[in-house]
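Chemist: work-v2.txt is the file, holding compact mmCIF, C-alpha atoms and all ligand atoms:
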# COMPACT_ATOMS: atom_id res chain seq x y z
CA MET A 1 102.25 145.98 97.83
CA ARG A 2 100.94 142.41 97.94
CA ARG A 3 98.70 141.26 95.11
CA TYR A 4 96.30 138.74 96.59
CA VAL A 5 94.39 136.11 94.66
CA LEU A 6 91.56 134.28 96.43
CA VAL A 7 91.55 130.60 95.48
CA THR A 8 88.44 128.67 96.48
CA GLY A 9 89.30 125.02 97.02
CA GLY A 10 92.88 126.17 97.55
CA ALA A 11 93.60 123.26 99.91
CA GLY A 12 92.57 120.72 97.29
CA PHE A 13 94.59 118.90 94.66
CA ILE A 14 94.33 121.39 91.81
CA GLY A 15 93.82 124.44 94.05
CA SER A 16 97.02 123.84 96.03
CA HIS A 17 99.05 123.55 92.83
CA ILE A 18 97.47 126.82 91.66
CA CYS A 19 98.46 128.50 94.96
CA LYS A 20 102.05 127.37 94.48
CA ALA A 21 102.13 128.66 90.88
CA LEU A 22 100.63 132.01 91.98
CA HIS A 23 103.23 132.33 94.72
CA LEU A 24 106.06 131.58 92.29
CA SER A 25 104.67 134.32 90.03
CA GLY A 26 104.68 136.98 92.75
CA PHE A 27 101.05 136.82 93.94
CA THR A 28 99.93 136.02 97.48
CA PRO A 29 97.32 133.26 97.34
CA VAL A 30 94.51 133.16 99.87
CA ALA A 31 93.06 129.65 99.96
CA LEU A 32 89.37 129.67 100.86
CA ASP A 33 88.40 126.12 101.74
CA ASN A 34 86.07 124.28 104.12
CA LEU A 35 88.61 121.41 104.33
CA SER A 36 85.87 118.86 103.58
CA THR A 37 88.11 117.27 100.97
CA GLY A 38 91.15 119.56 101.04
CA HIS A 39 94.11 119.40 103.41
CA ALA A 40 95.26 122.28 105.61
CA ASP A 41 98.89 121.16 105.21
CA ALA A 42 98.61 121.67 101.44
CA VAL A 43 98.21 125.42 102.06
CA ARG A 44 101.90 126.27 102.07
CA TRP A 45 102.23 129.30 99.86
CA GLY A 46 99.80 131.76 101.31
CA LEU A 47 96.94 132.12 103.75
CA LEU A 48 94.00 129.92 104.63
CA VAL A 49 90.46 131.16 105.25
CA GLU A 50 88.40 128.23 106.47
CA THR A 51 84.81 128.60 105.30
CA ASN A 52 82.22 127.40 102.83
CA VAL A 53 82.26 129.10 99.47
CA GLY A 54 78.53 129.67 99.90
CA ASP A 55 78.88 131.60 103.17
CA LEU A 56 78.17 135.01 101.68
CA GLU A 57 79.05 136.97 104.80
CA LYS A 58 82.41 135.31 105.47
CA VAL A 59 83.42 135.27 101.82
CA ALA A 60 82.50 138.94 101.39
CA ARG A 61 84.56 139.72 104.51
CA ALA A 62 87.57 137.88 103.06
CA LEU A 63 87.17 139.75 99.77
CA GLU A 64 87.00 143.08 101.60
CA THR A 65 90.02 142.24 103.75
CA TYR A 66 92.33 141.16 100.94
CA ARG A 67 90.88 143.05 97.92
CA PRO A 68 92.21 140.30 95.62
CA VAL A 69 93.05 141.09 92.00
CA ALA A 70 91.01 138.01 91.09
CA VAL A 71 89.08 135.06 92.46
CA VAL A 72 90.01 131.62 91.16
CA HIS A 73 87.00 129.39 91.80
CA CYS A 74 88.00 125.73 92.07
CA ALA A 75 85.94 124.50 95.02
CA ALA A 76 83.45 121.92 93.80
CA SER A 77 82.28 118.37 94.09
CA ALA A 78 84.06 116.69 91.22
CA TYR A 79 83.33 112.98 90.82
CA VAL A 80 81.41 112.12 87.68
CA GLY A 81 80.10 108.79 89.03
CA GLU A 82 79.01 110.27 92.37
CA SER A 83 77.21 113.08 90.56
CA VAL A 84 75.00 110.49 88.87
CA SER A 85 74.07 108.78 92.14
CA ASN A 86 73.87 111.94 94.28
CA PRO A 87 73.04 114.90 92.01
CA GLN A 88 71.65 116.93 94.91
CA GLN A 89 75.14 117.36 96.36
CA TYR A 90 76.37 118.61 92.99
CA TYR A 91 73.58 121.14 92.46
CA GLU A 92 73.98 122.40 96.03
CA ASN A 93 77.77 122.59 96.16
CA ASN A 94 78.53 123.57 92.60
CA VAL A 95 75.53 125.68 91.63
CA LEU A 96 74.06 127.13 94.83
CA GLN A 97 77.37 127.75 96.55
CA GLY A 98 78.97 128.92 93.30
CA LEU A 99 76.22 131.50 92.81
CA ALA A 100 76.63 132.67 96.41
CA LEU A 101 80.32 133.20 95.72
CA LEU A 102 79.46 135.28 92.66
CA SER A 103 77.05 137.33 94.80
CA ALA A 104 79.88 138.03 97.25
CA CYS A 105 82.06 139.07 94.30
CA LEU A 106 79.41 141.48 92.99
CA GLN A 107 78.71 142.85 96.46
CA THR A 108 82.38 143.69 97.01
CA ARG A 109 83.04 144.69 93.37
CA THR A 110 85.57 141.89 92.99
CA LEU A 111 84.99 141.54 89.30
CA ASN A 112 87.77 139.26 87.97
CA VAL A 113 86.89 135.56 88.16
CA VAL A 114 88.75 132.53 86.86
CA PHE A 115 86.47 129.51 86.88
CA SER A 116 87.46 125.83 86.96
CA SER A 117 85.19 124.35 84.36
CA SER A 118 85.44 120.97 82.74
CA CYS A 119 85.43 119.05 79.51
CA ALA A 120 82.52 117.22 81.14
CA THR A 121 80.43 120.19 79.91
CA TYR A 122 80.79 118.85 76.35
CA GLY A 123 79.19 115.47 77.01
CA ALA A 124 79.74 112.57 74.61
CA CYS A 125 81.32 114.02 71.49
CA GLU A 126 81.67 112.23 68.20
CA GLN A 127 84.44 114.43 66.89
CA PRO A 128 88.08 113.47 67.50
CA LEU A 129 89.13 116.87 68.85
CA ILE A 130 86.87 119.10 70.93
CA ASP A 131 87.25 122.83 70.39
CA GLU A 132 85.47 125.64 72.17
CA THR A 133 82.73 125.86 69.51
CA THR A 134 81.72 122.23 70.13
CA PRO A 135 78.17 122.24 71.52
CA GLN A 136 78.03 121.77 75.28
CA THR A 137 75.58 118.96 75.98
CA PRO A 138 76.75 117.36 79.23
CA ILE A 139 75.68 113.78 79.97
CA ASN A 140 76.10 113.78 83.75
CA PRO A 141 75.05 116.09 86.61
CA TYR A 142 78.67 117.10 87.27
CA GLY A 143 79.03 118.45 83.74
CA ARG A 144 75.63 120.14 83.94
CA THR A 145 76.46 121.96 87.16
CA LYS A 146 79.74 123.25 85.66
CA LEU A 147 77.90 124.43 82.56
CA ILE A 148 75.28 126.25 84.65
CA LEU A 149 78.00 128.27 86.34
CA GLU A 150 79.64 129.07 83.00
CA LEU A 151 76.28 130.38 81.77
CA ALA A 152 75.81 132.45 84.93
CA LEU A 153 79.26 133.99 84.39
CA GLU A 154 78.34 134.88 80.83
CA ASP A 155 75.09 136.54 81.92
CA TYR A 156 76.71 138.31 84.89
CA ALA A 157 79.45 139.60 82.60
CA MET A 158 76.86 141.18 80.29
CA ALA A 159 74.76 142.63 83.09
CA TYR A 160 77.18 143.53 85.88
CA GLY A 161 80.56 144.00 84.25
CA LEU A 162 82.01 140.81 85.77
CA ARG A 163 85.09 139.65 83.85
CA TYR A 164 85.90 136.00 83.64
CA VAL A 165 87.96 133.20 82.18
CA ALA A 166 86.35 129.74 82.20
CA LEU A 167 89.00 127.04 81.95
CA ARG A 168 87.64 123.70 80.77
CA TYR A 169 90.04 121.17 82.19
CA PHE A 170 90.43 117.85 80.53
CA ASN A 171 91.82 115.15 82.88
CA ALA A 172 93.99 116.75 85.55
CA ALA A 173 96.78 114.36 86.55
CA GLY A 174 100.38 114.14 87.80
CA ALA A 175 101.72 116.07 90.78
CA ASP A 176 104.15 118.82 91.68
CA PRO A 177 107.52 118.06 89.98
CA ASP A 178 109.30 119.19 93.20
CA SER A 179 107.35 116.56 95.17
CA GLU A 180 105.95 119.22 97.52
CA LEU A 181 102.33 118.30 96.75
CA PHE A 182 100.63 115.04 95.82
CA GLU A 183 97.19 113.86 94.82
CA ARG A 184 95.30 112.88 98.02
CA HIS A 185 91.65 112.13 97.42
CA ASP A 186 89.51 110.11 99.79
CA PRO A 187 88.01 108.08 98.29
CA GLU A 188 90.42 107.98 95.35
CA THR A 189 88.55 107.25 92.13
CA HIS A 190 90.77 108.65 89.38
CA LEU A 191 92.47 106.32 86.97
CA ILE A 192 96.15 107.18 87.39
CA PRO A 193 96.20 107.18 91.22
CA ARG A 194 94.08 103.99 91.31
CA ALA A 195 96.46 102.30 88.87
CA LEU A 196 99.46 103.42 90.96
CA MET A 197 97.74 102.05 94.07
CA ALA A 198 97.33 98.71 92.29
CA ALA A 199 101.00 98.75 91.20
CA SER A 200 102.15 99.43 94.78
CA GLY A 201 99.87 96.83 96.37
CA GLN A 202 97.65 99.36 98.19
CA ILE A 203 94.65 97.80 96.42
CA ASP A 204 94.40 94.31 94.98
CA ALA A 205 93.59 95.32 91.43
CA LEU A 206 92.40 98.18 89.25
CA ASP A 207 88.85 97.79 87.95
CA ILE A 208 88.77 98.77 84.31
CA PHE A 209 85.39 100.28 83.53
CA GLY A 210 84.59 98.75 80.19
CA THR A 211 86.63 97.38 77.32
CA ASP A 212 83.74 97.56 74.85
CA TYR A 213 83.88 101.24 73.89
CA ALA A 214 84.23 102.26 70.25
CA THR A 215 87.89 103.21 70.75
CA PRO A 216 91.04 101.57 69.33
CA ASP A 217 91.55 99.18 72.29
CA GLY A 218 88.00 99.29 73.68
CA THR A 219 88.85 101.35 76.79
CA CYS A 220 88.02 105.02 77.34
CA VAL A 221 90.34 107.63 75.90
CA ARG A 222 91.14 110.78 77.86
CA ASP A 223 93.37 113.82 77.45
CA TYR A 224 95.56 113.84 80.60
CA VAL A 225 97.00 117.25 81.45
CA HIS A 226 99.58 117.85 84.16
CA VAL A 227 98.23 119.71 87.17
CA SER A 228 101.22 122.11 87.18
CA ASP A 229 100.51 123.02 83.55
CA LEU A 230 96.90 123.66 84.56
CA ALA A 231 98.12 125.78 87.47
CA ASP A 232 100.27 127.92 85.17
CA ALA A 233 97.26 128.53 82.94
CA HIS A 234 95.43 130.02 85.94
CA VAL A 235 98.27 132.43 86.56
CA ALA A 236 98.10 133.45 82.90
CA ALA A 237 94.30 133.85 83.20
CA VAL A 238 94.67 136.09 86.28
CA ARG A 239 97.20 138.22 84.39
CA HIS A 240 94.88 138.37 81.39
CA LEU A 241 92.06 139.74 83.56
CA GLU A 242 94.38 142.04 85.49
CA GLY A 243 95.52 143.47 82.17
CA GLY A 244 91.93 144.25 81.19
CA GLY A 245 91.42 141.23 78.90
CA GLY A 246 87.91 140.16 77.96
CA ALA A 247 85.93 137.01 78.64
CA LEU A 248 87.51 133.72 77.59
CA ARG A 249 86.29 130.14 77.54
CA LEU A 250 89.21 127.84 76.92
CA ASN A 251 90.02 124.15 76.77
CA LEU A 252 93.02 123.04 78.80
CA GLY A 253 94.30 119.81 77.33
CA THR A 254 97.05 118.56 75.07
CA GLY A 255 95.36 117.33 71.91
CA MET A 256 96.61 113.78 72.68
CA GLY A 257 94.32 111.00 73.86
CA HIS A 258 95.44 108.00 75.91
CA SER A 259 93.45 104.87 76.63
CA VAL A 260 93.24 103.14 80.00
CA PHE A 261 95.61 100.47 78.67
CA ASP A 262 98.09 103.16 77.49
CA VAL A 263 98.18 104.46 81.06
CA LEU A 264 98.75 100.99 82.51
CA ARG A 265 101.57 100.24 80.06
CA THR A 266 103.31 103.55 80.89
CA ILE A 267 103.13 102.81 84.62
CA GLU A 268 104.51 99.32 84.11
CA THR A 269 107.35 100.54 81.92
CA LEU A 270 108.35 103.39 84.24
CA THR A 271 108.05 101.60 87.58
CA GLY A 272 108.88 98.05 86.56
CA ARG A 273 105.78 96.94 88.53
CA SER A 274 102.82 95.20 87.01
CA VAL A 275 99.38 96.74 87.40
CA PRO A 276 96.93 93.96 88.30
CA PHE A 277 93.50 94.63 86.85
CA SER A 278 90.07 93.14 86.30
CA VAL A 279 87.56 94.19 83.68
CA GLY A 280 84.14 95.36 84.77
CA PRO A 281 81.17 97.06 83.13
CA GLN A 282 81.13 100.64 81.88
CA ARG A 283 80.74 103.34 84.54
CA ALA A 284 77.60 105.46 84.29
CA GLY A 285 78.25 108.91 82.82
CA ASP A 286 81.55 108.05 81.10
CA PRO A 287 81.91 109.23 77.48
CA ALA A 288 84.12 107.03 75.26
CA ALA A 289 86.66 109.70 74.34
CA LEU A 290 87.40 113.28 75.38
CA VAL A 291 90.37 114.99 73.74
CA ALA A 292 90.94 118.75 73.56
CA ASP A 293 91.84 120.99 70.72
CA PRO A 294 94.04 123.24 72.90
CA ARG A 295 95.01 125.81 70.26
CA GLN A 296 92.79 128.59 71.55
CA ALA A 297 94.41 128.45 75.02
CA GLN A 298 97.82 128.39 73.37
CA ARG A 299 96.91 131.53 71.43
CA MET A 300 95.15 133.47 74.18
CA LEU A 301 97.14 132.47 77.30
CA ARG A 302 100.32 131.06 75.75
CA PHE A 303 99.28 127.79 77.36
CA SER A 304 102.03 125.26 76.78
CA PRO A 305 101.44 121.91 78.46
CA GLU A 306 105.09 120.93 78.57
CA ARG A 307 104.76 118.57 81.57
CA SER A 308 101.70 116.81 80.20
CA ASP A 309 103.24 113.83 78.42
CA LEU A 310 102.20 110.57 80.06
CA ARG A 311 105.74 109.78 81.26
CA THR A 312 106.08 113.05 83.19
CA ILE A 313 102.57 112.71 84.57
CA VAL A 314 103.23 109.19 85.85
CA SER A 315 106.73 109.91 87.13
CA THR A 316 105.58 112.93 89.16
CA ALA A 317 102.47 111.16 90.53
CA ALA A 318 104.17 107.86 91.44
CA PRO A 319 106.23 109.04 94.48
CA GLY A 320 102.95 109.96 96.19
CA PHE A 321 102.15 106.25 96.17
CA GLY A 322 105.57 105.14 97.37
CA LEU A 323 106.74 104.10 93.91
CA ARG A 324 110.15 104.82 92.44
CA MET A 325 110.99 105.09 88.77
CA ARG A 326 113.13 102.39 87.22
CA PRO A 327 116.63 103.78 86.65
N1 LIG B 401 88.75 104.38 84.98
C1 LIG B 401 88.83 103.02 85.12
N2 LIG B 401 88.99 102.54 86.40
C2 LIG B 401 89.10 103.34 87.48
C3 LIG B 401 89.03 104.74 87.30
C4 LIG B 401 88.84 105.23 86.03
O1 LIG B 401 88.73 102.25 84.17
O2 LIG B 401 89.24 102.83 88.61
C5 LIG B 401 88.58 104.92 83.62
C6 LIG B 401 87.29 105.71 83.48
O3 LIG B 401 86.25 104.89 83.03
C7 LIG B 401 87.67 106.78 82.47
C8 LIG B 401 89.17 106.98 82.69
O4 LIG B 401 89.61 105.83 83.40
O5 LIG B 401 87.50 106.29 81.21
C9 LIG B 401 89.47 108.22 83.48
O6 LIG B 401 88.66 108.22 84.64
P1 LIG B 401 88.87 109.24 85.84
O7 LIG B 401 87.92 108.84 86.90
O8 LIG B 401 90.32 109.32 86.17
O9 LIG B 401 88.49 110.62 85.21
P2 LIG B 401 87.12 111.06 84.56
O10 LIG B 401 87.41 111.13 83.09
O11 LIG B 401 85.95 110.30 84.93
O12 LIG B 401 86.87 112.42 85.31
C10 LIG B 401 87.83 113.41 85.39
C11 LIG B 401 87.58 114.34 86.57
C12 LIG B 401 86.36 115.14 86.33
C13 LIG B 401 86.34 115.73 84.98
C14 LIG B 401 86.51 114.65 83.98
C15 LIG B 401 86.47 115.08 82.58
O13 LIG B 401 87.45 113.61 87.74
O14 LIG B 401 86.31 116.15 87.29
O15 LIG B 401 87.78 114.06 84.21
O16 LIG B 401 86.59 113.94 81.76
F1 LIG B 401 85.20 116.37 84.72
Show how you would write the structure in this file as structure tokens.
Modeler:
Amino acid sequence: MRRYVLVTGGAGFIGSHICKALHLSGFTPVALDNLSTGHADAVRWGLLVETNVGDLEKVARALETYRPVAVVHCAASAYVGESVSNPQQYYENNVLQGLALLSACLQTRTLNVVFSSSCATYGACEQPLIDETTPQTPINPYGRTKLILELALEDYAMAYGLRYVALRYFNAAGADPDSELFERHDPETHLIPRALMAASGQIDALDIFGTDYATPDGTCVRDYVHVSDLADAHVAAVRHLEGGGGALRLNLGTGMGHSVFDVLRTIETLTGRSVPFSVGPQRAGDPAALVADPRQAQRMLRFSPERSDLRTIVSTAAPGFGLRMRP
């Protein structure tokens, strides 16, 4: 008998990698996506239901049709900068539609939910490593909307018996090591793809958003985690819930921070191309450093981010931008 998992945002960058990982682990993924930012051709390891996450009737119908063992909820607006300039979109897509999805889950008694949360829920932290007890005080609307859904899950779990795992991603990066999926955002705003676009001549130069942060080289430090490692953690989270495990809130990162200049140097070393850049002001909503303490996820889900070193991240992402690795 097929074991379905409904993946909202399953045609997107992270969602499509999750669908592949679920398929490789014996599940049948059902991608539920409105294709506003996702790509139908990224749905290659299961089925596609084209709808908004907030369409209660259609989502409930999909849940009744497939009776999935869990829902993995990835669909969201996910640009920190955009969330500052257009918070309405974030509250509507991430909070309103997210709550409608949870209503559909309750209505159909689909009670296992894995939620894509974010380190953006922590805000600007002073401490070098962020663990799950670090207070969540987000500094941008994106982080706030993710936190609101985490809180709803906690309350729904207490009241309605919903069971959930909230996975707080640090910076998702890289691409499928088999080159079957790549990062395709439009517009592309993330550091590693933008830097690869600069190295390949698709844009003139990378804008570096600030070199005056209180970090070792003045640029922001982030914990980059390979998207396939993230995907595997979702499979482990589904299994945890299927096996009757309780609520978890876990960081998915590596414990290693890399600055913007570290990323540029790695790209230059691996591709032999220079990355032209110019230095601009800080971007609104950007904390100086965000690095995970990932030990809880290692303990609870056996999370092991083995593809998340910067070299593997860059070498799997680069082919998507027409770049080859230096021999
Ligand atoms: N950066 C640049 N120039 C660019 C793009 C990014 O200097 O053109 C810098 C940013 O200032 C930041 C770092 O590179 O310091 C990483 O920026 P990204 O845009 O790649 O990633 P963010 O850290 O802003 O955001 C990502 C995801 C969010 C998630 C967040 C958590 O997009 O969904 O990580 O930190 F919430």
Chemist: Residues contacting ligand LIG 401 (chain B) - anything with an atom at most 7 Å away, using only C-alpha atoms and all ligand atoms - can you give me those as a PDB file with C-alpha atoms, in the coordinates of the input?
Modeler:
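Below is the file selection.pdb, written as the result:
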ATOM      1  CA  ALA A  78      84.060 116.690  91.220  1.00  0.00           C
ATOM      2  CA  TYR A  79      83.330 112.980  90.820  1.00  0.00           C
ATOM      3  CA  VAL A  80      81.410 112.120  87.680  1.00  0.00           C
ATOM      4  CA  SER A 118      85.440 120.970  82.740  1.00  0.00           C
ATOM      5  CA  CYS A 119      85.430 119.050  79.510  1.00  0.00           C
ATOM      6  CA  ALA A 120      82.520 117.220  81.140  1.00  0.00           C
ATOM      7  CA  GLY A 143      79.030 118.450  83.740  1.00  0.00           C
ATOM      8  CA  PHE A 170      90.430 117.850  80.530  1.00  0.00           C
ATOM      9  CA  ASN A 171      91.820 115.150  82.880  1.00  0.00           C
ATOM     10  CA  ALA A 172      93.990 116.750  85.550  1.00  0.00           C
ATOM     11  CA  THR A 189      88.550 107.250  92.130  1.00  0.00           C
ATOM     12  CA  HIS A 190      90.770 108.650  89.380  1.00  0.00           C
ATOM     13  CA  LEU A 191      92.470 106.320  86.970  1.00  0.00           C
ATOM     14  CA  ILE A 192      96.150 107.180  87.390  1.00  0.00           C
ATOM     15  CA  ARG A 194      94.080 103.990  91.310  1.00  0.00           C
ATOM     16  CA  LEU A 206      92.400  98.180  89.250  1.00  0.00           C
ATOM     17  CA  ASP A 207      88.850  97.790  87.950  1.00  0.00           C
ATOM     18  CA  ILE A 208      88.770  98.770  84.310  1.00  0.00           C
ATOM     19  CA  PHE A 209      85.390 100.280  83.530  1.00  0.00           C
ATOM     20  CA  GLY A 210      84.590  98.750  80.190  1.00  0.00           C
ATOM     21  CA  THR A 219      88.850 101.350  76.790  1.00  0.00           C
ATOM     22  CA  CYS A 220      88.020 105.020  77.340  1.00  0.00           C
ATOM     23  CA  VAL A 221      90.340 107.630  75.900  1.00  0.00           C
ATOM     24  CA  ARG A 222      91.140 110.780  77.860  1.00  0.00           C
ATOM     25  CA  VAL A 260      93.240 103.140  80.000  1.00  0.00           C
ATOM     26  CA  GLN A 282      81.130 100.640  81.880  1.00  0.00           C
ATOM     27  CA  ARG A 283      80.740 103.340  84.540  1.00  0.00           C
ATOM     28  CA  ASP A 286      81.550 108.050  81.100  1.00  0.00           C
ATOM     29  CA  ALA A 288      84.120 107.030  75.260  1.00  0.00           C
ATOM     30  CA  LEU A 290      87.400 113.280  75.380  1.00  0.00           C
TER      31      LEU A 290
END
Chemist: Considering only C-alpha atoms, tabulate each residue of region 115-187 of chain A that lies at most 8 Å from region 22-43 of chain A along with its nearest interatomic pair and the corresponding distance in Å to one decimal; arrange the rows by chain and ascending residue number and present them as CSV.
Modeler:
residue,atom,partner,partner_atom,distance
A:Leu181,CA,A:Ala42,CA,6.9
A:His185,CA,A:Thr37,CA,7.2
A:Asp186,CA,A:Thr37,CA,7.4
Chemist: Please provide as a tab-separated table (two decimals) with C-alpha atoms, in the coordinates of the input all residues within 9 Å of Ala157 (chain A), with the sequence filter that same-chain residues fewer than 5 positions apart are discarded (counting only C-alpha atoms).
Modeler:
chain	number	residue	atom	x	y	z
A	111	LEU	CA	84.99	141.54	89.30
A	152	ALA	CA	75.81	132.45	84.93
A	162	LEU	CA	82.01	140.81	85.77
A	163	ARG	CA	85.09	139.65	83.85
A	164	TYR	CA	85.90	136.00	83.64
A	247	ALA	CA	85.93	137.01	78.64
Chemist: Can you tell me how far CA of Tyr90 (chain A) sits from CA of Leu149 (chain A), in Å to one decimal?
Modeler: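 Answer for the CA of Tyr90 (chain A) to CA of Leu149 (chain A) separation: 11.8 Å.
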Chemist: Taking (102.8, 102.6, 80.0) as a centre in this file's frame and 12 Å as the limit, can you find every polymer residue with an atom that close, using all atoms listed in the file, and give them as a short mmCIF file (atom, residue, chain, number, x, y, z; two decimals) with C-alpha atoms, in the frame of the given file?
Modeler:
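Here's the written file selection_1.cif:
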data_model
loop_
_atom_site.label_atom_id
_atom_site.label_comp_id
_atom_site.auth_asym_id
_atom_site.auth_seq_id
_atom_site.Cartn_x
_atom_site.Cartn_y
_atom_site.Cartn_z
CA ILE A 192 96.15 107.18 87.39
CA ALA A 195 96.46 102.30 88.87
CA LEU A 196 99.46 103.42 90.96
CA ALA A 199 101.00 98.75 91.20
CA HIS A 258 95.44 108.00 75.91
CA SER A 259 93.45 104.87 76.63
CA VAL A 260 93.24 103.14 80.00
CA PHE A 261 95.61 100.47 78.67
CA ASP A 262 98.09 103.16 77.49
CA VAL A 263 98.18 104.46 81.06
CA LEU A 264 98.75 100.99 82.51
CA ARG A 265 101.57 100.24 80.06
CA THR A 266 103.31 103.55 80.89
CA ILE A 267 103.13 102.81 84.62
CA GLU A 268 104.51 99.32 84.11
CA THR A 269 107.35 100.54 81.92
CA LEU A 270 108.35 103.39 84.24
CA THR A 271 108.05 101.60 87.58
CA GLY A 272 108.88 98.05 86.56
CA ARG A 273 105.78 96.94 88.53
CA SER A 274 102.82 95.20 87.01
CA VAL A 275 99.38 96.74 87.40
CA ASP A 309 103.24 113.83 78.42
CA LEU A 310 102.20 110.57 80.06
CA ARG A 311 105.74 109.78 81.26
CA THR A 312 106.08 113.05 83.19
CA ILE A 313 102.57 112.71 84.57
CA VAL A 314 103.23 109.19 85.85
CA SER A 315 106.73 109.91 87.13
#
Chemist: Ser117 (chain A): which residues within 12 Å, counting only C-alpha atoms, same-chain residues fewer than 4 positions away excluded, as JSON, numbers by chain?
Modeler: {"A": [72, 73, 74, 75, 76, 77, 78, 94, 98, 113, 121, 122, 136, 142, 143, 144, 145, 146, 147, 148, 149, 150, 151, 153, 164, 165, 166, 167, 168, 169, 170, 171, 172, 230, 234, 248, 249, 250, 251, 252]}
Chemist: Of the candidates A:Arg324, A:Arg3, A:Arg44, A:His226, which shows the shortest atom-to-atom distance to Ser308 (chain A), using only C-alpha atoms?
Modeler: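 Checking each of A:Arg324, A:Arg3, A:Arg44, A:His226 against Ser308 (chain A), counting only C-alpha atoms, the winner is A:His226.
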Chemist: May I ask which of the residues A:Glu183, A:Glu82, A:Glu64, A:Asp204 is the closest one to Gln107 (chain A), counting all atoms listed in the file?
Modeler: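 With all atoms listed in the file as the atom set, the closest residue is A:Glu64.
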Chemist: So what do you get for CA of Trp45 (chain A) versus CA of Arg2 (chain A), distance-wise?
Modeler: 13.3 Å
Chemist: Please work out which residues fall within 8 Å of (103.3, 120.3, 80.0), coordinates as given in the file, with all atoms listed in the file counting, and return them as a list of chain:residue names.
Modeler: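 Neighbouring residues, ordered by chain and number, come to A:Val225, A:His226, A:Ser228, A:Asp229, A:Ser304, A:Pro305, A:Glu306, A:Arg307, A:Ser308, A:Asp309.
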Chemist: Which is closest to Pro287 (chain A) among A:Pro327, A:Gly246, A:Gly255, A:Pro138, if we use all atoms listed in the file?
Modeler: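 For Pro287 (chain A), the nearest of the candidates is A:Pro138.
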Chemist: Just give me the gap between CA of Gln296 (chain A) and CA of Pro68 (chain A) in Å, one decimal is fine.
Modeler: 26.8 Å
Chemist: Could you tell me which of A:Leu106, A:Val7, A:Thr133, A:Glu126 comes closest to Ala159 (chain A) if we count all atoms listed in the file?
Modeler: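 Result for the nearest residue to Ala159 (chain A): A:Leu106.
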Chemist: Skipping near chain neighbours, those fewer than 6 positions away, what residues fall within 7 Å of Ala104 (chain A) using all atoms listed in the file, listed as an MDAnalysis selection string?
Modeler: chainID A and resid 56 59:60
Chemist: Determine the nearest neighbour of Asp131 (chain A) from the options A:Ile203, A:Val84, A:Ala231, A:Ala292, counting all atoms listed in the file.
Modeler: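 Closest residue, counting all atoms listed in the file: A:Ala292.
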